[in-house]
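Below is one structure, written out as structure tokens, with a few remarks after it.
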Amino acid sequence: MNIGNDVIISAALTGAVTPKDINENIPLTPEEIAADAYRCWQRGAAIVHLHMRDDGGLGTMDSGKFAETIRLLRDHHDCDVIINCTTSGDNRASDKQRQEHVANLNGIEIASWDAGSFNWMPGGVFINSPQFLGALGEVLTARGIKPEVEIFDAGMLGIADYFVQQGKLPRPLHYQFCLGVPGGMPATVENLLYLSAHIPPDATWSAFGVGKAHMPMLYAAIALGGHVRVGLEDNVYFSKGVKASNAQLVERAAQAIRLFGKEVATPERARKMLGLRPL
């Protein structure tokens, strides 16, 4: 639970699937992603969540693209945003390929750890085997990278607990509640309340809702003492029929936090809250 007054904004910039012709503001190249990440930091994002796209616009786990994006972002010497990289950006990738960047690259502070498999409707099965999750947990722990435990359904809480007990995930955990994905837990306040009430007391958590659920989940997460995630990975519209940019979504989240009487967490403050090393 977030017992302080600071709320962390995480910006999920691009995802692995949505094409640019749906929303021209979706960044695809390392140059576009790094520039967008910088704009989001300027408007209040403490964390940027990074996926990579290949030259055809599809998700890729290409370590070179991650490395180039991180380099370009850190070339902005005033920018201290926290870098969070996906480990599930390409359903064609092997378990080994999904871990190469977190095993070898410097500069990754957080990485997603998707707590289980499920039918991501209607496209196919989102596979995260116990063997993969154990190995990934070991890599992240060895490299001092904070796992972002992504929860798509309530049963995944128990999977995360199992790997904590096995010594594969270090406490305190940071959970990302991913609600409204077809095949996962619906994006309702009732479900968010359930999830946030069934995690360890020393944990931190954040939440988002997919598509039209993004605003209800934003408000609910702030009200329940959590942190928030926004961005074009999860929702491409600012309002009905109006396309968004990542910077706009971050700016609105920051306004909502301040209107609620809370503070937008700086990256420095967020690192302390999440137990990350100073930059």
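Ligands are numbered from 1 in the order shown, residues from 1 within each chain, and chains are lettered A, B, ... in the order they appear in the structure tokens.
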
Hey, which bits of segment 33-120 of chain A sit within 10 Å of segment 8-22 of chain A, and for each residue what's the closest pair of atoms and how far apart in Å (one decimal), counting only C-alpha atoms, rows by chain and increasing number, as JSON lines?
```
{"residue": "A:Ile33", "atom": "CA", "partner": "A:Leu13", "partner_atom": "CA", "distance": 7.2}
{"residue": "A:Ala34", "atom": "CA", "partner": "A:Leu13", "partner_atom": "CA", "distance": 9.7}
{"residue": "A:Asp36", "atom": "CA", "partner": "A:Leu13", "partner_atom": "CA", "distance": 7.5}
{"residue": "A:Ala37", "atom": "CA", "partner": "A:Leu13", "partner_atom": "CA", "distance": 7.3}
{"residue": "A:Cys40", "atom": "CA", "partner": "A:Ala11", "partner_atom": "CA", "distance": 7.0}
{"residue": "A:Trp41", "atom": "CA", "partner": "A:Ala11", "partner_atom": "CA", "distance": 8.7}
{"residue": "A:Arg43", "atom": "CA", "partner": "A:Ile9", "partner_atom": "CA", "distance": 9.9}
{"residue": "A:Gly44", "atom": "CA", "partner": "A:Ile9", "partner_atom": "CA", "distance": 6.9}
{"residue": "A:Ala45", "atom": "CA", "partner": "A:Ile9", "partner_atom": "CA", "distance": 4.8}
{"residue": "A:Ala46", "atom": "CA", "partner": "A:Ile9", "partner_atom": "CA", "distance": 5.7}
{"residue": "A:Ile47", "atom": "CA", "partner": "A:Ser10", "partner_atom": "CA", "distance": 4.5}
{"residue": "A:Val48", "atom": "CA", "partner": "A:Ala11", "partner_atom": "CA", "distance": 4.8}
{"residue": "A:His49", "atom": "CA", "partner": "A:Ala12", "partner_atom": "CA", "distance": 4.6}
{"residue": "A:Leu50", "atom": "CA", "partner": "A:Leu13", "partner_atom": "CA", "distance": 6.5}
{"residue": "A:His51", "atom": "CA", "partner": "A:Gly15", "partner_atom": "CA", "distance": 5.4}
{"residue": "A:Met52", "atom": "CA", "partner": "A:Ala16", "partner_atom": "CA", "distance": 7.1}
{"residue": "A:Arg53", "atom": "CA", "partner": "A:Ala16", "partner_atom": "CA", "distance": 6.6}
{"residue": "A:Asp54", "atom": "CA", "partner": "A:Ala16", "partner_atom": "CA", "distance": 9.5}
{"residue": "A:Gly56", "atom": "CA", "partner": "A:Pro19", "partner_atom": "CA", "distance": 9.8}
{"residue": "A:Gly57", "atom": "CA", "partner": "A:Pro19", "partner_atom": "CA", "distance": 6.8}
{"residue": "A:Leu58", "atom": "CA", "partner": "A:Ala16", "partner_atom": "CA", "distance": 6.1}
{"residue": "A:Gly59", "atom": "CA", "partner": "A:Ala16", "partner_atom": "CA", "distance": 4.1}
{"residue": "A:Thr60", "atom": "CA", "partner": "A:Ala16", "partner_atom": "CA", "distance": 7.5}
{"residue": "A:Met61", "atom": "CA", "partner": "A:Ala16", "partner_atom": "CA", "distance": 9.9}
{"residue": "A:Val81", "atom": "CA", "partner": "A:Ser10", "partner_atom": "CA", "distance": 9.8}
{"residue": "A:Ile82", "atom": "CA", "partner": "A:Ser10", "partner_atom": "CA", "distance": 9.0}
{"residue": "A:Ile83", "atom": "CA", "partner": "A:Ser10", "partner_atom": "CA", "distance": 9.8}
{"residue": "A:Asn84", "atom": "CA", "partner": "A:Ser10", "partner_atom": "CA", "distance": 9.0}
{"residue": "A:Cys85", "atom": "CA", "partner": "A:Ala12", "partner_atom": "CA", "distance": 9.8}
{"residue": "A:Thr86", "atom": "CA", "partner": "A:Gly15", "partner_atom": "CA", "distance": 8.9}
{"residue": "A:Ser88", "atom": "CA", "partner": "A:Ala16", "partner_atom": "CA", "distance": 8.6}
{"residue": "A:Gly89", "atom": "CA", "partner": "A:Ala16", "partner_atom": "CA", "distance": 5.5}
{"residue": "A:Asp90", "atom": "CA", "partner": "A:Ala16", "partner_atom": "CA", "distance": 6.9}
{"residue": "A:Asn91", "atom": "CA", "partner": "A:Ala16", "partner_atom": "CA", "distance": 9.4}
```

Skip Val264 of chain A itself and residues of its chain fewer than 3 positions away, then list as number ranges by chain all residues within 12 Å of it, counting only C-alpha atoms. A: 4-10, 41-47, 222, 227-228, 250-261, 267-270

Residue nearest Glu32 of chain A among A:Glu68, A:Ala221, A:Asp114, A:Asp62 (counting only C-alpha atoms):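 Checking each of A:Glu68, A:Ala221, A:Asp114, A:Asp62 against Glu32 of chain A, counting only C-alpha atoms, the winner is A:Glu68.
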
DSSP on the backbone, then: every residue of segment 38-202 of chain A marked helix (DSSP H, G or I), written as number ranges by chain. A: 38-42, 63-74, 95-104, 130-143, 156-165, 189-197

Export of prior selection with C-alpha atoms as a PDB file, in the first residue's frame:
```
ATOM      1  CA  TYR A  38      11.581  12.336 -22.405  1.00  0.00           C
ATOM      2  CA  ARG A  39       8.373  14.288 -23.041  1.00  0.00           C
ATOM      3  CA  CYS A  40       6.497  12.073 -20.589  1.00  0.00           C
ATOM      4  CA  TRP A  41       9.162  12.637 -17.926  1.00  0.00           C
ATOM      5  CA  GLN A  42       8.858  16.386 -18.436  1.00  0.00           C
ATOM      6  CA  SER A  63      18.412  -6.310 -27.262  1.00  0.00           C
ATOM      7  CA  GLY A  64      20.060  -3.889 -29.664  1.00  0.00           C
ATOM      8  CA  LYS A  65      16.893  -1.818 -29.908  1.00  0.00           C
ATOM      9  CA  PHE A  66      16.531  -1.753 -26.120  1.00  0.00           C
ATOM     10  CA  ALA A  67      20.164  -0.688 -25.791  1.00  0.00           C
ATOM     11  CA  GLU A  68      19.807   2.083 -28.363  1.00  0.00           C
ATOM     12  CA  THR A  69      16.622   3.419 -26.761  1.00  0.00           C
ATOM     13  CA  ILE A  70      18.223   3.482 -23.321  1.00  0.00           C
ATOM     14  CA  ARG A  71      21.307   5.237 -24.729  1.00  0.00           C
ATOM     15  CA  LEU A  72      19.235   7.878 -26.505  1.00  0.00           C
ATOM     16  CA  LEU A  73      17.114   8.505 -23.438  1.00  0.00           C
ATOM     17  CA  ARG A  74      20.131   8.818 -21.148  1.00  0.00           C
ATOM     18  CA  ASP A  95      12.209 -17.851 -23.194  1.00  0.00           C
ATOM     19  CA  LYS A  96      15.932 -17.167 -23.630  1.00  0.00           C
ATOM     20  CA  GLN A  97      15.326 -14.267 -26.012  1.00  0.00           C
ATOM     21  CA  ARG A  98      12.834 -12.743 -23.572  1.00  0.00           C
ATOM     22  CA  GLN A  99      15.613 -12.521 -20.968  1.00  0.00           C
ATOM     23  CA  GLU A 100      18.621 -11.466 -23.035  1.00  0.00           C
ATOM     24  CA  HIS A 101      18.258  -7.730 -22.487  1.00  0.00           C
ATOM     25  CA  VAL A 102      17.711  -7.939 -18.718  1.00  0.00           C
ATOM     26  CA  ALA A 103      20.583 -10.427 -18.427  1.00  0.00           C
ATOM     27  CA  ASN A 104      23.090  -8.336 -20.365  1.00  0.00           C
ATOM     28  CA  PRO A 130       6.675 -21.789 -14.232  1.00  0.00           C
ATOM     29  CA  GLN A 131      10.121 -22.624 -15.603  1.00  0.00           C
ATOM     30  CA  PHE A 132      10.385 -19.272 -17.387  1.00  0.00           C
ATOM     31  CA  LEU A 133       9.146 -17.320 -14.383  1.00  0.00           C
ATOM     32  CA  GLY A 134      11.619 -19.009 -12.046  1.00  0.00           C
ATOM     33  CA  ALA A 135      14.539 -18.392 -14.383  1.00  0.00           C
ATOM     34  CA  LEU A 136      13.522 -14.783 -15.010  1.00  0.00           C
ATOM     35  CA  GLY A 137      13.188 -14.142 -11.290  1.00  0.00           C
ATOM     36  CA  GLU A 138      16.708 -15.451 -10.747  1.00  0.00           C
ATOM     37  CA  VAL A 139      18.127 -13.213 -13.494  1.00  0.00           C
ATOM     38  CA  LEU A 140      16.387 -10.097 -12.192  1.00  0.00           C
ATOM     39  CA  THR A 141      17.466 -10.798  -8.613  1.00  0.00           C
ATOM     40  CA  ALA A 142      21.086 -11.415  -9.621  1.00  0.00           C
ATOM     41  CA  ARG A 143      21.228  -8.159 -11.582  1.00  0.00           C
ATOM     42  CA  MET A 156      -1.770 -14.885 -10.290  1.00  0.00           C
ATOM     43  CA  LEU A 157      -1.331 -13.468  -6.797  1.00  0.00           C
ATOM     44  CA  GLY A 158      -0.750 -17.005  -5.581  1.00  0.00           C
ATOM     45  CA  ILE A 159       1.820 -17.640  -8.317  1.00  0.00           C
ATOM     46  CA  ALA A 160       3.812 -14.613  -7.188  1.00  0.00           C
ATOM     47  CA  ASP A 161       3.604 -15.818  -3.566  1.00  0.00           C
ATOM     48  CA  TYR A 162       4.948 -19.224  -4.623  1.00  0.00           C
ATOM     49  CA  PHE A 163       8.056 -17.738  -6.222  1.00  0.00           C
ATOM     50  CA  VAL A 164       8.667 -15.498  -3.202  1.00  0.00           C
ATOM     51  CA  GLN A 165       8.596 -18.621  -1.022  1.00  0.00           C
ATOM     52  CA  VAL A 189     -13.429  -0.954  -8.939  1.00  0.00           C
ATOM     53  CA  GLU A 190     -14.595  -4.083  -7.112  1.00  0.00           C
ATOM     54  CA  ASN A 191     -11.831  -6.156  -8.713  1.00  0.00           C
ATOM     55  CA  LEU A 192      -9.179  -3.528  -8.048  1.00  0.00           C
ATOM     56  CA  LEU A 193     -10.266  -3.329  -4.419  1.00  0.00           C
ATOM     57  CA  TYR A 194     -10.009  -7.123  -4.125  1.00  0.00           C
ATOM     58  CA  LEU A 195      -6.515  -7.259  -5.626  1.00  0.00           C
ATOM     59  CA  SER A 196      -5.128  -4.380  -3.585  1.00  0.00           C
ATOM     60  CA  ALA A 197      -6.511  -5.960  -0.385  1.00  0.00           C
TER      61      ALA A 197
END
```

Measuring atom to atom with only C-alpha atoms, identify which of A:Ala265, A:Ala223, A:Val181, A:Ala213 is nearest to Pro122 of chain A.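 Using only C-alpha atoms, the shortest distance to Pro122 of chain A belongs to A:Val181.
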
Return as number ranges by chain the full set of residues in segment 124-204 of chain A whose backbone-based DSSP assignment is strand (DSSP E or B). A: 124-126, 146-151, 174-179, 204

So that I have them on file, write out the residues from the current selection with C-alpha atoms, as a PDB file, in the first residue's frame.
```pdb
ATOM      1  CA  GLY A 124      -3.961 -16.840 -28.507  1.00  0.00           C
ATOM      2  CA  VAL A 125      -2.279 -17.963 -25.307  1.00  0.00           C
ATOM      3  CA  PHE A 126      -0.026 -15.596 -23.383  1.00  0.00           C
ATOM      4  CA  LYS A 146      13.143  -4.785  -9.611  1.00  0.00           C
ATOM      5  CA  PRO A 147      10.452  -7.193 -10.861  1.00  0.00           C
ATOM      6  CA  GLU A 148       7.179  -5.541 -11.806  1.00  0.00           C
ATOM      7  CA  VAL A 149       4.743  -8.339 -11.029  1.00  0.00           C
ATOM      8  CA  GLU A 150       2.015  -7.994 -13.637  1.00  0.00           C
ATOM      9  CA  ILE A 151      -1.310  -9.404 -12.457  1.00  0.00           C
ATOM     10  CA  HIS A 174       5.774  -4.203  -6.712  1.00  0.00           C
ATOM     11  CA  TYR A 175       2.544  -5.253  -8.424  1.00  0.00           C
ATOM     12  CA  GLN A 176       1.059  -3.906 -11.653  1.00  0.00           C
ATOM     13  CA  PHE A 177      -2.662  -4.720 -11.878  1.00  0.00           C
ATOM     14  CA  CYS A 178      -3.493  -5.067 -15.584  1.00  0.00           C
ATOM     15  CA  LEU A 179      -7.282  -4.958 -15.818  1.00  0.00           C
ATOM     16  CA  THR A 204       3.555  -1.354  -3.541  1.00  0.00           C
TER      17      THR A 204
END
```

Set the distance at 12 Å and use only C-alpha atoms: which residues neighbour Trp120 of chain A once local chain neighbours fewer than 6 positions away are removed? I'd like the list as an NGL selection string. :A and (91 or 126-127 or 152-153 or 180-185)

For N, CA, C and O atoms, I'd like the residues from the last selection saved as a PDB file, in the first residue's frame.
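Result saved to again_0.pdb:
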```pdb
ATOM      1  N   ASN A  91       5.529 -12.573 -28.993  1.00  0.00           N
ATOM      2  CA  ASN A  91       5.084 -13.945 -28.743  1.00  0.00           C
ATOM      3  C   ASN A  91       5.810 -14.970 -29.612  1.00  0.00           C
ATOM      4  O   ASN A  91       5.596 -16.170 -29.464  1.00  0.00           O
ATOM      5  N   PHE A 126      -1.155 -16.365 -23.912  1.00  0.00           N
ATOM      6  CA  PHE A 126      -0.026 -15.596 -23.383  1.00  0.00           C
ATOM      7  C   PHE A 126       0.708 -16.522 -22.422  1.00  0.00           C
ATOM      8  O   PHE A 126       0.235 -16.786 -21.323  1.00  0.00           O
ATOM      9  N   ILE A 127       1.856 -17.039 -22.853  1.00  0.00           N
ATOM     10  CA  ILE A 127       2.533 -18.117 -22.133  1.00  0.00           C
ATOM     11  C   ILE A 127       3.641 -17.568 -21.233  1.00  0.00           C
ATOM     12  O   ILE A 127       4.551 -16.875 -21.699  1.00  0.00           O
ATOM     13  N   PHE A 152      -2.882 -10.187 -14.132  1.00  0.00           N
ATOM     14  CA  PHE A 152      -4.013 -10.092 -15.050  1.00  0.00           C
ATOM     15  C   PHE A 152      -5.265 -10.754 -14.488  1.00  0.00           C
ATOM     16  O   PHE A 152      -6.356 -10.544 -15.008  1.00  0.00           O
ATOM     17  N   ASP A 153      -5.109 -11.570 -13.456  1.00  0.00           N
ATOM     18  CA  ASP A 153      -6.242 -12.250 -12.825  1.00  0.00           C
ATOM     19  C   ASP A 153      -5.854 -12.603 -11.398  1.00  0.00           C
ATOM     20  O   ASP A 153      -4.666 -12.693 -11.067  1.00  0.00           O
ATOM     21  N   GLY A 180      -8.896  -5.450 -17.545  1.00  0.00           N
ATOM     22  CA  GLY A 180      -9.663  -5.186 -18.745  1.00  0.00           C
ATOM     23  C   GLY A 180      -9.130  -5.845 -19.993  1.00  0.00           C
ATOM     24  O   GLY A 180      -9.672  -5.633 -21.085  1.00  0.00           O
ATOM     25  N   VAL A 181      -8.070  -6.649 -19.860  1.00  0.00           N
ATOM     26  CA  VAL A 181      -7.566  -7.400 -21.015  1.00  0.00           C
ATOM     27  C   VAL A 181      -8.542  -8.536 -21.312  1.00  0.00           C
ATOM     28  O   VAL A 181      -8.914  -9.275 -20.392  1.00  0.00           O
ATOM     29  N   PRO A 182      -8.991  -8.718 -22.549  1.00  0.00           N
ATOM     30  CA  PRO A 182      -9.917  -9.816 -22.850  1.00  0.00           C
ATOM     31  C   PRO A 182      -9.315 -11.170 -22.458  1.00  0.00           C
ATOM     32  O   PRO A 182      -8.247 -11.540 -22.930  1.00  0.00           O
ATOM     33  N   GLY A 183      -9.996 -11.881 -21.590  1.00  0.00           N
ATOM     34  CA  GLY A 183      -9.478 -13.129 -21.052  1.00  0.00           C
ATOM     35  C   GLY A 183      -8.922 -12.987 -19.663  1.00  0.00           C
ATOM     36  O   GLY A 183      -8.670 -13.987 -18.979  1.00  0.00           O
ATOM     37  N   GLY A 184      -8.720 -11.756 -19.224  1.00  0.00           N
ATOM     38  CA  GLY A 184      -8.240 -11.485 -17.878  1.00  0.00           C
ATOM     39  C   GLY A 184      -9.348 -10.917 -17.010  1.00  0.00           C
ATOM     40  O   GLY A 184     -10.529 -10.962 -17.347  1.00  0.00           O
ATOM     41  N   MET A 185      -8.975 -10.363 -15.885  1.00  0.00           N
ATOM     42  CA  MET A 185      -9.926  -9.830 -14.916  1.00  0.00           C
ATOM     43  C   MET A 185     -10.537  -8.527 -15.441  1.00  0.00           C
ATOM     44  O   MET A 185      -9.809  -7.628 -15.890  1.00  0.00           O
TER      45      MET A 185
END
```

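The space between atom CA of Phe208 of chain A and atom CA of Gly167 of chain A spans 28.1 Å.
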
Between A:Ser94, A:Glu109, A:Leu224, A:Glu24, which residue has the minimum interatomic distance to Pro278 of chain A, considering only C-alpha atoms? A:Glu109
